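A.B. asks: Structure file data16.pdb (PDB, C-alpha atoms) right here:
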ATOM      1  CA  MET A   7      33.872  19.020   0.813
ATOM      2  CA  GLN A   8      31.525  16.441   2.312
ATOM      3  CA  LYS A   9      29.211  17.538   5.107
ATOM      4  CA  LYS A  10      29.518  15.424   8.257
ATOM      5  CA  VAL A  11      26.356  13.700   9.490
ATOM      6  CA  LEU A  12      26.406  11.987  12.876
ATOM      7  CA  ILE A  13      23.734   9.328  13.475
ATOM      8  CA  SER A  14      22.974   7.944  16.933
ATOM      9  CA  GLY A  15      21.167   4.646  17.480
ATOM     10  CA  SER A  16      22.872   3.250  14.383
ATOM     11  CA  THR A  17      21.773  -0.351  14.987
ATOM     12  CA  GLY A  18      18.091   0.535  15.540
ATOM     13  CA  GLN A  19      15.366   0.528  12.909
ATOM     14  CA  LEU A  20      15.834   4.072  11.617
ATOM     15  CA  GLY A  21      19.611   4.132  12.082
ATOM     16  CA  SER A  22      19.901   0.927  10.055
ATOM     17  CA  GLU A  23      17.675   2.317   7.302
ATOM     18  CA  LEU A  24      19.770   5.500   7.126
ATOM     19  CA  LYS A  25      22.865   3.347   6.759
ATOM     20  CA  SER A  26      21.101   1.313   4.059
ATOM     21  CA  ILE A  27      20.335   4.382   1.881
ATOM     22  CA  SER A  28      23.508   6.374   2.641
ATOM     23  CA  SER A  29      25.281   5.297  -0.572
ATOM     24  CA  ASP A  30      22.743   7.403  -2.497
ATOM     25  CA  TYR A  31      24.067  10.604  -0.865
ATOM     26  CA  ASN A  32      27.692  11.143  -1.873
ATOM     27  CA  ASP A  33      27.799  14.752  -0.667
ATOM     28  CA  PHE A  34      27.727  13.580   2.934
ATOM     29  CA  GLU A  35      30.056  11.680   5.221
ATOM     30  CA  PHE A  36      28.033   9.553   7.623
ATOM     31  CA  ILE A  37      29.357   8.730  11.083
ATOM     32  CA  TYR A  38      27.416   6.019  12.902
ATOM     33  CA  LYS A  39      27.336   5.548  16.664
ATOM     34  CA  ASN A  40      25.639   2.625  18.387
ATOM     35  CA  ARG A  41      24.533   2.667  22.016
ATOM     36  CA  ALA A  42      27.956   1.615  23.337
ATOM     37  CA  GLU A  43      29.670   4.402  21.386
ATOM     38  CA  LEU A  44      27.114   7.122  22.180
ATOM     39  CA  ASP A  45      25.084   6.152  25.231
ATOM     40  CA  LEU A  46      22.550   8.933  25.741
ATOM     41  CA  SER A  47      22.245   8.061  29.429
ATOM     42  CA  ASP A  48      25.972   8.795  29.889
ATOM     43  CA  CYS A  49      26.809  12.519  30.043
ATOM     44  CA  LYS A  50      30.556  11.845  29.819
ATOM     45  CA  LYS A  51      30.113   9.787  26.664
ATOM     46  CA  ILE A  52      28.017  12.557  25.076
ATOM     47  CA  GLN A  53      30.659  15.142  26.019
ATOM     48  CA  GLU A  54      33.432  12.966  24.598
ATOM     49  CA  VAL A  55      31.727  12.504  21.219
ATOM     50  CA  PHE A  56      30.604  16.110  20.706
ATOM     51  CA  SER A  57      33.521  17.983  22.286
ATOM     52  CA  ASN A  58      36.130  16.225  20.184
ATOM     53  CA  ASN A  59      34.334  16.455  16.841
ATOM     54  CA  LYS A  60      32.453  18.972  14.724
ATOM     55  CA  PHE A  61      29.400  17.908  12.766
ATOM     56  CA  ASP A  62      27.159  19.617  10.228
ATOM     57  CA  TYR A  63      24.147  17.496  11.172
ATOM     58  CA  PHE A  64      23.206  15.256  14.062
ATOM     59  CA  ILE A  65      20.328  12.816  13.467
ATOM     60  CA  ASN A  66      19.153  11.524  16.827
ATOM     61  CA  THR A  67      17.428   8.205  16.228
ATOM     62  CA  ALA A  68      18.387   6.765  19.636
ATOM     63  CA  ALA A  69      15.618   6.551  22.233
ATOM     64  CA  PHE A  70      14.183   4.604  25.129
ATOM     65  CA  THR A  71      11.237   3.063  23.252
ATOM     66  CA  ALA A  72      10.150   0.227  25.557
ATOM     67  CA  VAL A  73       6.868   1.928  26.443
ATOM     68  CA  ASP A  74       5.741  -0.502  29.150
ATOM     69  CA  LYS A  75       9.219  -0.884  30.639
ATOM     70  CA  ALA A  76       9.412   2.905  30.960
ATOM     71  CA  GLU A  77       6.696   2.806  33.629
ATOM     72  CA  THR A  78       9.115   1.072  36.030
ATOM     73  CA  GLU A  79      12.348   2.606  34.676
ATOM     74  CA  LYS A  80      11.368   6.274  34.716
ATOM     75  CA  GLU A  81      14.826   7.662  35.480
ATOM     76  CA  SER A  82      16.497   5.806  32.620
ATOM     77  CA  CYS A  83      13.713   6.759  30.196
ATOM     78  CA  PHE A  84      13.952  10.474  31.031
ATOM     79  CA  ASP A  85      17.769  10.387  30.939
ATOM     80  CA  ILE A  86      17.758   9.040  27.376
ATOM     81  CA  ASN A  87      14.678  10.752  25.903
ATOM     82  CA  ALA A  88      14.853  14.145  27.623
ATOM     83  CA  HIS A  89      17.888  15.028  29.760
ATOM     84  CA  SER A  90      20.387  13.863  27.123
ATOM     85  CA  LEU A  91      19.232  16.586  24.722
ATOM     86  CA  LYS A  92      20.332  19.337  27.111
ATOM     87  CA  THR A  93      23.771  17.741  27.321
ATOM     88  CA  ILE A  94      23.983  17.302  23.552
ATOM     89  CA  VAL A  95      23.155  20.968  22.950
ATOM     90  CA  LYS A  96      25.732  21.985  25.560
ATOM     91  CA  TYR A  97      28.614  20.196  23.819
ATOM     92  CA  CYS A  98      27.465  20.087  20.188
ATOM     93  CA  ASN A  99      29.093  22.748  17.977
ATOM     94  CA  PRO A 100      26.671  25.666  17.354
ATOM     95  CA  GLU A 101      26.741  25.219  13.558
ATOM     96  CA  CYS A 102      25.442  21.663  13.818
ATOM     97  CA  ARG A 103      21.793  21.221  12.856
ATOM     98  CA  ILE A 104      19.995  18.727  15.089
ATOM     99  CA  ILE A 105      17.269  16.483  13.673
ATOM    100  CA  HIS A 106      15.454  14.636  16.449
ATOM    101  CA  ILE A 107      12.899  11.829  16.168
ATOM    102  CA  SER A 108       9.840  12.086  18.398
ATOM    103  CA  SER A 109       6.500  10.325  18.718
ATOM    104  CA  ASP A 110       2.744  10.512  18.147
ATOM    105  CA  TYR A 111       2.424   9.604  21.862
ATOM    106  CA  VAL A 112       2.945  13.263  22.817
ATOM    107  CA  TYR A 113      -0.496  14.237  21.445
ATOM    108  CA  ASN A 114      -2.928  11.817  23.117
ATOM    109  CA  ILE A 115      -5.972  13.762  21.912
ATOM    110  CA  ASN A 116      -8.651  13.164  19.290
ATOM    111  CA  PRO A 117      -9.819  16.397  17.634
ATOM    112  CA  GLY A 118     -11.865  14.432  15.078
ATOM    113  CA  ARG A 119      -9.318  15.109  12.324
ATOM    114  CA  PRO A 120      -5.639  14.331  11.648
ATOM    115  CA  LEU A 121      -3.352  15.721  14.354
ATOM    116  CA  GLN A 122      -1.503  18.943  13.543
ATOM    117  CA  GLU A 123       1.839  20.105  14.899
ATOM    118  CA  ASP A 124       0.311  23.036  16.791
ATOM    119  CA  ASP A 125      -2.367  20.937  18.521
ATOM    120  CA  ILE A 126      -2.231  20.737  22.312
ATOM    121  CA  THR A 127      -0.300  17.844  23.840
ATOM    122  CA  LYS A 128      -1.549  15.696  26.727
ATOM    123  CA  PRO A 129       0.986  12.889  27.115
ATOM    124  CA  LEU A 130       0.102  10.073  29.482
ATOM    125  CA  GLY A 131       2.723   7.589  30.603
ATOM    126  CA  ILE A 132       6.439   7.966  31.244
ATOM    127  CA  TYR A 133       7.547   7.374  27.663
ATOM    128  CA  ALA A 134       5.164   9.985  26.233
ATOM    129  CA  GLN A 135       6.077  12.550  28.900
ATOM    130  CA  SER A 136       9.794  11.998  28.361
ATOM    131  CA  LYS A 137       9.473  12.478  24.602
ATOM    132  CA  LEU A 138       7.604  15.766  25.017
ATOM    133  CA  GLN A 139      10.100  17.048  27.573
ATOM    134  CA  GLY A 140      12.898  16.177  25.166
ATOM    135  CA  GLU A 141      11.225  18.163  22.391
ATOM    136  CA  GLU A 142      10.752  21.177  24.645
ATOM    137  CA  SER A 143      14.322  21.095  25.951
ATOM    138  CA  LEU A 144      15.758  20.907  22.458
ATOM    139  CA  LEU A 145      13.704  23.720  20.941
ATOM    140  CA  LYS A 146      14.309  25.942  23.963
ATOM    141  CA  GLU A 147      18.081  25.593  23.662
ATOM    142  CA  ARG A 148      18.370  25.422  19.875
ATOM    143  CA  GLU A 149      15.405  26.840  17.977
ATOM    144  CA  ASN A 150      16.582  25.770  14.524
ATOM    145  CA  SER A 151      16.406  22.085  15.466
ATOM    146  CA  ILE A 152      13.992  19.902  13.515
ATOM    147  CA  ILE A 153      11.710  17.495  15.361
ATOM    148  CA  LEU A 154      10.048  14.743  13.386
ATOM    149  CA  ARG A 155       7.035  13.162  15.094
ATOM    150  CA  THR A 156       6.254   9.751  13.681
ATOM    151  CA  SER A 157       4.072   6.765  14.560
ATOM    152  CA  TRP A 158       3.915   2.953  14.573
ATOM    153  CA  VAL A 159       7.431   2.566  13.165
ATOM    154  CA  TYR A 160       8.449  -0.671  11.455
ATOM    155  CA  SER A 161      11.362  -1.761   9.291
ATOM    156  CA  GLU A 162      13.174  -4.736   7.825
ATOM    157  CA  PHE A 163      15.652  -4.192  10.682
ATOM    158  CA  GLY A 164      15.282  -4.622  14.440
ATOM    159  CA  HIS A 165      12.216  -5.625  16.435
ATOM    160  CA  ASN A 166       8.819  -4.346  15.307
ATOM    161  CA  PHE A 167       5.161  -5.239  14.788
ATOM    162  CA  VAL A 168       5.567  -6.386  11.178
ATOM    163  CA  LYS A 169       8.337  -8.864  11.940
ATOM    164  CA  THR A 170       6.519 -10.094  15.050
ATOM    165  CA  MET A 171       3.350 -10.736  13.024
ATOM    166  CA  LEU A 172       5.299 -12.600  10.346
ATOM    167  CA  ARG A 173       6.796 -14.839  13.025
ATOM    168  CA  LEU A 174       3.572 -15.412  14.969
ATOM    169  CA  GLY A 175       1.420 -15.768  11.860
ATOM    170  CA  GLU A 176       3.459 -18.749  10.711
ATOM    171  CA  SER A 177       3.189 -20.516  14.069
ATOM    172  CA  LYS A 178      -0.355 -19.632  15.248
ATOM    173  CA  ASP A 179      -3.801 -20.288  13.799
ATOM    174  CA  LYS A 180      -5.414 -17.320  15.536
ATOM    175  CA  LEU A 181      -4.198 -14.054  17.120
ATOM    176  CA  SER A 182      -6.095 -11.550  19.269
ATOM    177  CA  ILE A 183      -5.049  -7.990  18.383
ATOM    178  CA  VAL A 184      -6.181  -4.529  19.512
ATOM    179  CA  SER A 185      -8.582  -2.830  17.101
ATOM    180  CA  ASP A 186      -9.570   0.408  18.903
ATOM    181  CA  GLN A 187      -6.271   2.265  18.438
ATOM    182  CA  ILE A 188      -6.367   4.163  15.141
ATOM    183  CA  GLY A 189      -3.191   5.384  13.475
ATOM    184  CA  THR A 190      -0.815   5.053  10.553
ATOM    185  CA  PRO A 191       2.145   2.664  10.271
ATOM    186  CA  SER A 192       5.418   4.377   9.339
ATOM    187  CA  TYR A 193       8.100   2.608   7.318
ATOM    188  CA  ALA A 194      11.511   3.596   8.722
ATOM    189  CA  ARG A 195      13.075   3.554   5.248
ATOM    190  CA  GLU A 196      10.676   6.335   4.194
ATOM    191  CA  ILE A 197      11.452   8.263   7.389
ATOM    192  CA  ALA A 198      15.145   7.994   6.495
ATOM    193  CA  LYS A 199      14.481   9.318   2.979
ATOM    194  CA  CYS A 200      12.403  12.156   4.443
ATOM    195  CA  ILE A 201      15.292  13.167   6.705
ATOM    196  CA  MET A 202      17.702  13.264   3.787
ATOM    197  CA  VAL A 203      15.272  15.401   1.731
ATOM    198  CA  ILE A 204      15.089  17.800   4.691
ATOM    199  CA  ILE A 205      18.889  17.996   4.930
ATOM    200  CA  GLN A 206      19.228  18.615   1.204
ATOM    201  CA  LYS A 207      16.579  21.357   1.371
ATOM    202  CA  ILE A 208      18.458  23.018   4.224
ATOM    203  CA  GLU A 209      21.679  22.855   2.194
ATOM    204  CA  GLU A 210      19.960  24.529  -0.769
ATOM    205  CA  ASN A 211      18.261  27.294   1.228
ATOM    206  CA  GLU A 212      20.391  27.731   4.346
ATOM    207  CA  ASP A 213      20.738  31.480   3.889
ATOM    208  CA  THR A 214      17.049  32.196   3.330
ATOM    209  CA  HIS A 215      15.142  29.634   5.420
ATOM    210  CA  ASP A 216      15.430  28.450   9.004
ATOM    211  CA  TYR A 217      13.123  25.394   8.865
ATOM    212  CA  GLY A 218      13.356  24.827  12.633
ATOM    213  CA  GLY A 219      10.352  23.351  14.428
ATOM    214  CA  ILE A 220       8.082  20.326  14.681
ATOM    215  CA  TYR A 221       6.900  18.250  11.707
ATOM    216  CA  ASN A 222       4.689  15.166  11.503
ATOM    217  CA  PHE A 223       5.750  12.364   9.198
ATOM    218  CA  SER A 224       3.967   9.123   8.413
ATOM    219  CA  HIS A 225       1.973   7.894   5.402
ATOM    220  CA  LYS A 226      -1.404   8.362   3.759
ATOM    221  CA  GLY A 227      -4.384   6.529   5.174
ATOM    222  CA  SER A 228      -5.087   5.019   8.565
ATOM    223  CA  THR A 229      -5.788   1.643  10.129
ATOM    224  CA  ASN A 230      -5.854  -0.176  13.458
ATOM    225  CA  TRP A 231      -3.451  -2.803  14.775
ATOM    226  CA  ALA A 232      -5.776  -5.721  13.974
ATOM    227  CA  ASP A 233      -6.309  -4.606  10.368
ATOM    228  CA  PHE A 234      -2.596  -3.851  10.065
ATOM    229  CA  ALA A 235      -1.917  -7.486  10.980
ATOM    230  CA  ARG A 236      -4.552  -8.683   8.492
ATOM    231  CA  GLU A 237      -2.868  -6.702   5.717
ATOM    232  CA  ILE A 238       0.525  -8.213   6.595
ATOM    233  CA  PHE A 239      -0.983 -11.702   6.442
ATOM    234  CA  ARG A 240      -2.843 -10.954   3.193
ATOM    235  CA  LEU A 241       0.260  -9.670   1.413
ATOM    236  CA  ASN A 242       2.393 -12.577   2.628
ATOM    237  CA  LYS A 243      -0.360 -15.177   2.041
ATOM    238  CA  ILE A 244      -0.309 -16.270   5.688
ATOM    239  CA  ASN A 245      -3.347 -18.187   6.895
ATOM    240  CA  CYS A 246      -3.830 -16.801  10.409
ATOM    241  CA  GLU A 247      -7.135 -15.517  11.772
ATOM    242  CA  VAL A 248      -7.127 -12.146  13.536
ATOM    243  CA  GLU A 249      -9.624 -11.603  16.337
ATOM    244  CA  ASN A 250     -10.361  -8.038  17.478
ATOM    245  CA  THR A 251      -9.733  -7.071  21.088
ATOM    246  CA  THR A 252      -9.730  -3.760  22.986
ATOM    247  CA  THR A 253      -7.009  -1.682  24.591
ATOM    248  CA  ALA A 254      -8.747  -2.140  27.942
ATOM    249  CA  ALA A 255      -8.795  -5.919  27.563
ATOM    250  CA  TYR A 256      -5.124  -5.965  26.527
ATOM    251  CA  ASN A 257      -4.387  -4.101  29.784
ATOM    252  CA  ALA A 258      -0.790  -3.036  29.069
ATOM    253  CA  PRO A 259       1.105  -1.190  31.836
ATOM    254  CA  ALA A 260       1.517   2.012  29.764
ATOM    255  CA  HIS A 261      -1.214   4.138  28.221
ATOM    256  CA  ARG A 262      -1.571   3.970  24.416
ATOM    257  CA  PRO A 263      -3.142   6.807  22.396
ATOM    258  CA  LEU A 264      -6.410   5.790  20.741
ATOM    259  CA  TRP A 265      -5.945   8.341  17.930
ATOM    260  CA  SER A 266      -2.589   8.720  16.159
ATOM    261  CA  VAL A 267      -3.562   9.815  12.654
ATOM    262  CA  MET A 268      -1.363  12.801  11.821
ATOM    263  CA  SER A 269      -1.573  15.537   9.203
ATOM    264  CA  MET A 270       1.493  15.692   6.944
ATOM    265  CA  LEU A 271       0.577  18.955   5.217
ATOM    266  CA  LYS A 272       3.377  20.915   6.904
ATOM    267  CA  VAL A 273       6.203  18.548   5.938
ATOM    268  CA  GLU A 274       4.751  18.192   2.410
ATOM    269  CA  LYS A 275       4.486  21.936   1.871
ATOM    270  CA  THR A 276       7.777  22.916   3.511
ATOM    271  CA  PHE A 277      10.069  20.292   2.004
ATOM    272  CA  GLY A 278       8.135  19.107  -1.050
ATOM    273  CA  ILE A 279       7.980  15.568   0.290
ATOM    274  CA  LYS A 280       5.613  13.191  -1.473
ATOM    275  CA  ILE A 281       3.661  11.144   1.073
ATOM    276  CA  LYS A 282       3.050   7.514   0.093
ATOM    277  CA  ASP A 283       0.153   5.263   1.068
ATOM    278  CA  TRP A 284       0.872   3.076   4.090
ATOM    279  CA  LYS A 285      -0.132  -0.119   2.262
ATOM    280  CA  ASP A 286       2.339   0.553  -0.566
ATOM    281  CA  CYS A 287       5.116   1.113   1.973
ATOM    282  CA  LEU A 288       4.237  -2.101   3.802
ATOM    283  CA  GLN A 289       4.411  -4.022   0.542
ATOM    284  CA  ASP A 290       7.853  -2.524  -0.143
ATOM    285  CA  CYS A 291       9.113  -3.588   3.286
ATOM    286  CA  LEU A 292       7.710  -7.120   2.964
ATOM    287  CA  SER A 293       9.326  -7.562  -0.451
ATOM    288  CA  ARG A 294      12.687  -6.575   1.063
ATOM    289  CA  LEU A 295      12.187  -8.977   3.953
ATOM    290  CA  SER A 296      11.400 -11.844   1.603
TER     291      SER A 296
END
Output the structure of this file as structure tokens.
C.D. replies:
Amino acid sequence: MQKKVLISGSTGQLGSELKSISSDYNDFEFIYKNRAELDLSDCKKIQEVFSNNKFDYFINTAAFTAVDKAETEKESCFDINAHSLKTIVKYCNPECRIIHISSDYVYNINPGRPLQEDDITKPLGIYAQSKLQGEESLLKERENSIILRTSWVYSEFGHNFVKTMLRLGESKDKLSIVSDQIGTPSYAREIAKCIMVIIQKIEENEDTHDYGGIYNFSHKGSTNWADFAREIFRLNKINCEVENTTTAAYNAPAHRPLWSVMSMLKVEKTFGIKIKDWKDCLQDCLSRLS
């Protein structure tokens, strides 16, 4: 009998990638809900979806991700990223395993090494604070939930840095891009594959392992936004000059972490996931886009 997997945010980057790879996993029945069908800011809609159905897994890819907009829309951001998780746990059948996507923004520290899951968190900005509160609410109510912190997400679907650079690079001779934020781009297709490896591992070892907790997931290596753009242009043979600028000069409404390089040792060791280099993943995405 197929296990039922509910996916929220089905038209977003990660939701679309999960849909794209779902044919490789015949043991599961995937149910996709877009924002209209499962609006995380609507308690009644959450109740309706979870009270009338039983799921084996719920992958929560939906989120309020407009970081700057969050600064002026605090209530909506917290409703979607934090308060919704309490409602989901309330109405979601107890046997359902929740897999929730979180963010590198919750750390906002630089220990001089890759960030680890047990490092302290110092979120600045509404988006970052809402994501951390969501994590805490979920783990408090349902300890066996799995939280995947990821960073700088891009995909062949939706709106993201890679697609923006491809568009701007073709129409501009020069771009000024921030170079003092260090992190690792994360290809949503690889995040989707990671989630499915986690689910399969749970299925194999459900009686002996709990697996609940926080895990980092991104790729090997690190870069900055300016060099990320240069690599996109290099791989796509786009002749556009990239000029370095600073976070301070960019002066965005919301705070951005200056250090987002994460350690993946925990997810590698626990689930046997092979971490790829970020440049290889970028090349894969660009080849799909072309």
A.B. asks: Tell me which protein, DNA and RNA residues are within 12 Å of Gln53 in chain A, counting all atoms listed in the file, leaving out same-chain ones fewer than 5 positions away, and put them as a PyMOL selection string.
C.D. replies: chain A and resi 43-48+58-59+90-99
A.B. asks: Decode the PyMOL selection byres ((chain A and resi 41) around 12) for the given file into explicit residues and return them as a tab-separated table (two decimals) with C-alpha atoms, in the coordinates of the input.
C.D. replies:
chain	number	residue	atom	x	y	z
A	13	ILE	CA	23.73	9.33	13.48
A	14	SER	CA	22.97	7.94	16.93
A	15	GLY	CA	21.17	4.65	17.48
A	16	SER	CA	22.87	3.25	14.38
A	17	THR	CA	21.77	-0.35	14.99
A	18	GLY	CA	18.09	0.54	15.54
A	21	GLY	CA	19.61	4.13	12.08
A	38	TYR	CA	27.42	6.02	12.90
A	39	LYS	CA	27.34	5.55	16.66
A	40	ASN	CA	25.64	2.62	18.39
A	42	ALA	CA	27.96	1.62	23.34
A	43	GLU	CA	29.67	4.40	21.39
A	44	LEU	CA	27.11	7.12	22.18
A	45	ASP	CA	25.08	6.15	25.23
A	46	LEU	CA	22.55	8.93	25.74
A	47	SER	CA	22.24	8.06	29.43
A	48	ASP	CA	25.97	8.80	29.89
A	51	LYS	CA	30.11	9.79	26.66
A	52	ILE	CA	28.02	12.56	25.08
A	66	ASN	CA	19.15	11.52	16.83
A	67	THR	CA	17.43	8.20	16.23
A	68	ALA	CA	18.39	6.76	19.64
A	69	ALA	CA	15.62	6.55	22.23
A	70	PHE	CA	14.18	4.60	25.13
A	86	ILE	CA	17.76	9.04	27.38
A.B. asks: What would the list of residues within 9 Å of (9.0, 11.0, 25.3) (file frame) look like as an MDAnalysis selection string, if only C-alpha atoms are what count?
C.D. replies: chainID A and resid 69:71 83:84 87:88 108:109 111:112 129 131:141
A.B. asks: So which one's closest to Glu247 in chain A, A:Ile208, A:Met270, A:Ala235, A:Val73? Using only C-alpha atoms, please.
C.D. replies: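 Closest candidate: A:Ala235.
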A.B. asks: What would the selection look like, as a PyMOL selection string, if the PyMOL selection byres ((chain A and resi 199) around 12) were run on the coordinates I just shared?
C.D. replies: chain A and resi 20-21+23-28+30-31+193-198+200-206+223-224+277+279-282
A.B. asks: List as a list in words the protein and nucleic acid residues near range 252-267 of chain A, meaning an atom at most 8 Å away when all atoms listed in the file are counted, but skip any in the same chain fewer than 4 places from it.
C.D. replies: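 So the residues in contact are Val73, Asp74, Glu77, Asp110, Tyr111, Tyr113, Asn114, Ile115, Asn116, Arg119, Pro120, Leu121, Leu130, Gly131, Ile132, Ser157, Ile183, Val184, Ser185, Asp186, Gln187, Ile188, Gly189, Thr190 and Ser228 of chain A.
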A.B. asks: Smallest atom-to-atom distance to Thr229 in chain A: which of A:Asp290, A:Asp62, A:Asp283, A:Glu101, using all atoms listed in the file?
C.D. replies: A:Asp283
A.B. asks: Could you check how far CA of Phe64 in chain A sits from CA of Cys102 in chain A, in Å to one decimal?
C.D. replies: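 So the answer is 6.8 Å.
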A.B. asks: Write out as a PyMOL selection string each polymer residue whose atoms come within 7 Å of Ile104 in chain A, counting only C-alpha atoms; drop sequence neighbours fewer than 2 positions from it.
C.D. replies: chain A and resi 63-65+102+106+151-152
A.B. asks: Write out as a ChimeraX atom specification each polymer residue whose atoms come within 8 Å of Asn150 in chain A, counting all atoms listed in the file; drop sequence neighbours fewer than 5 positions from it.
C.D. replies: /A:103-104,145,216-219
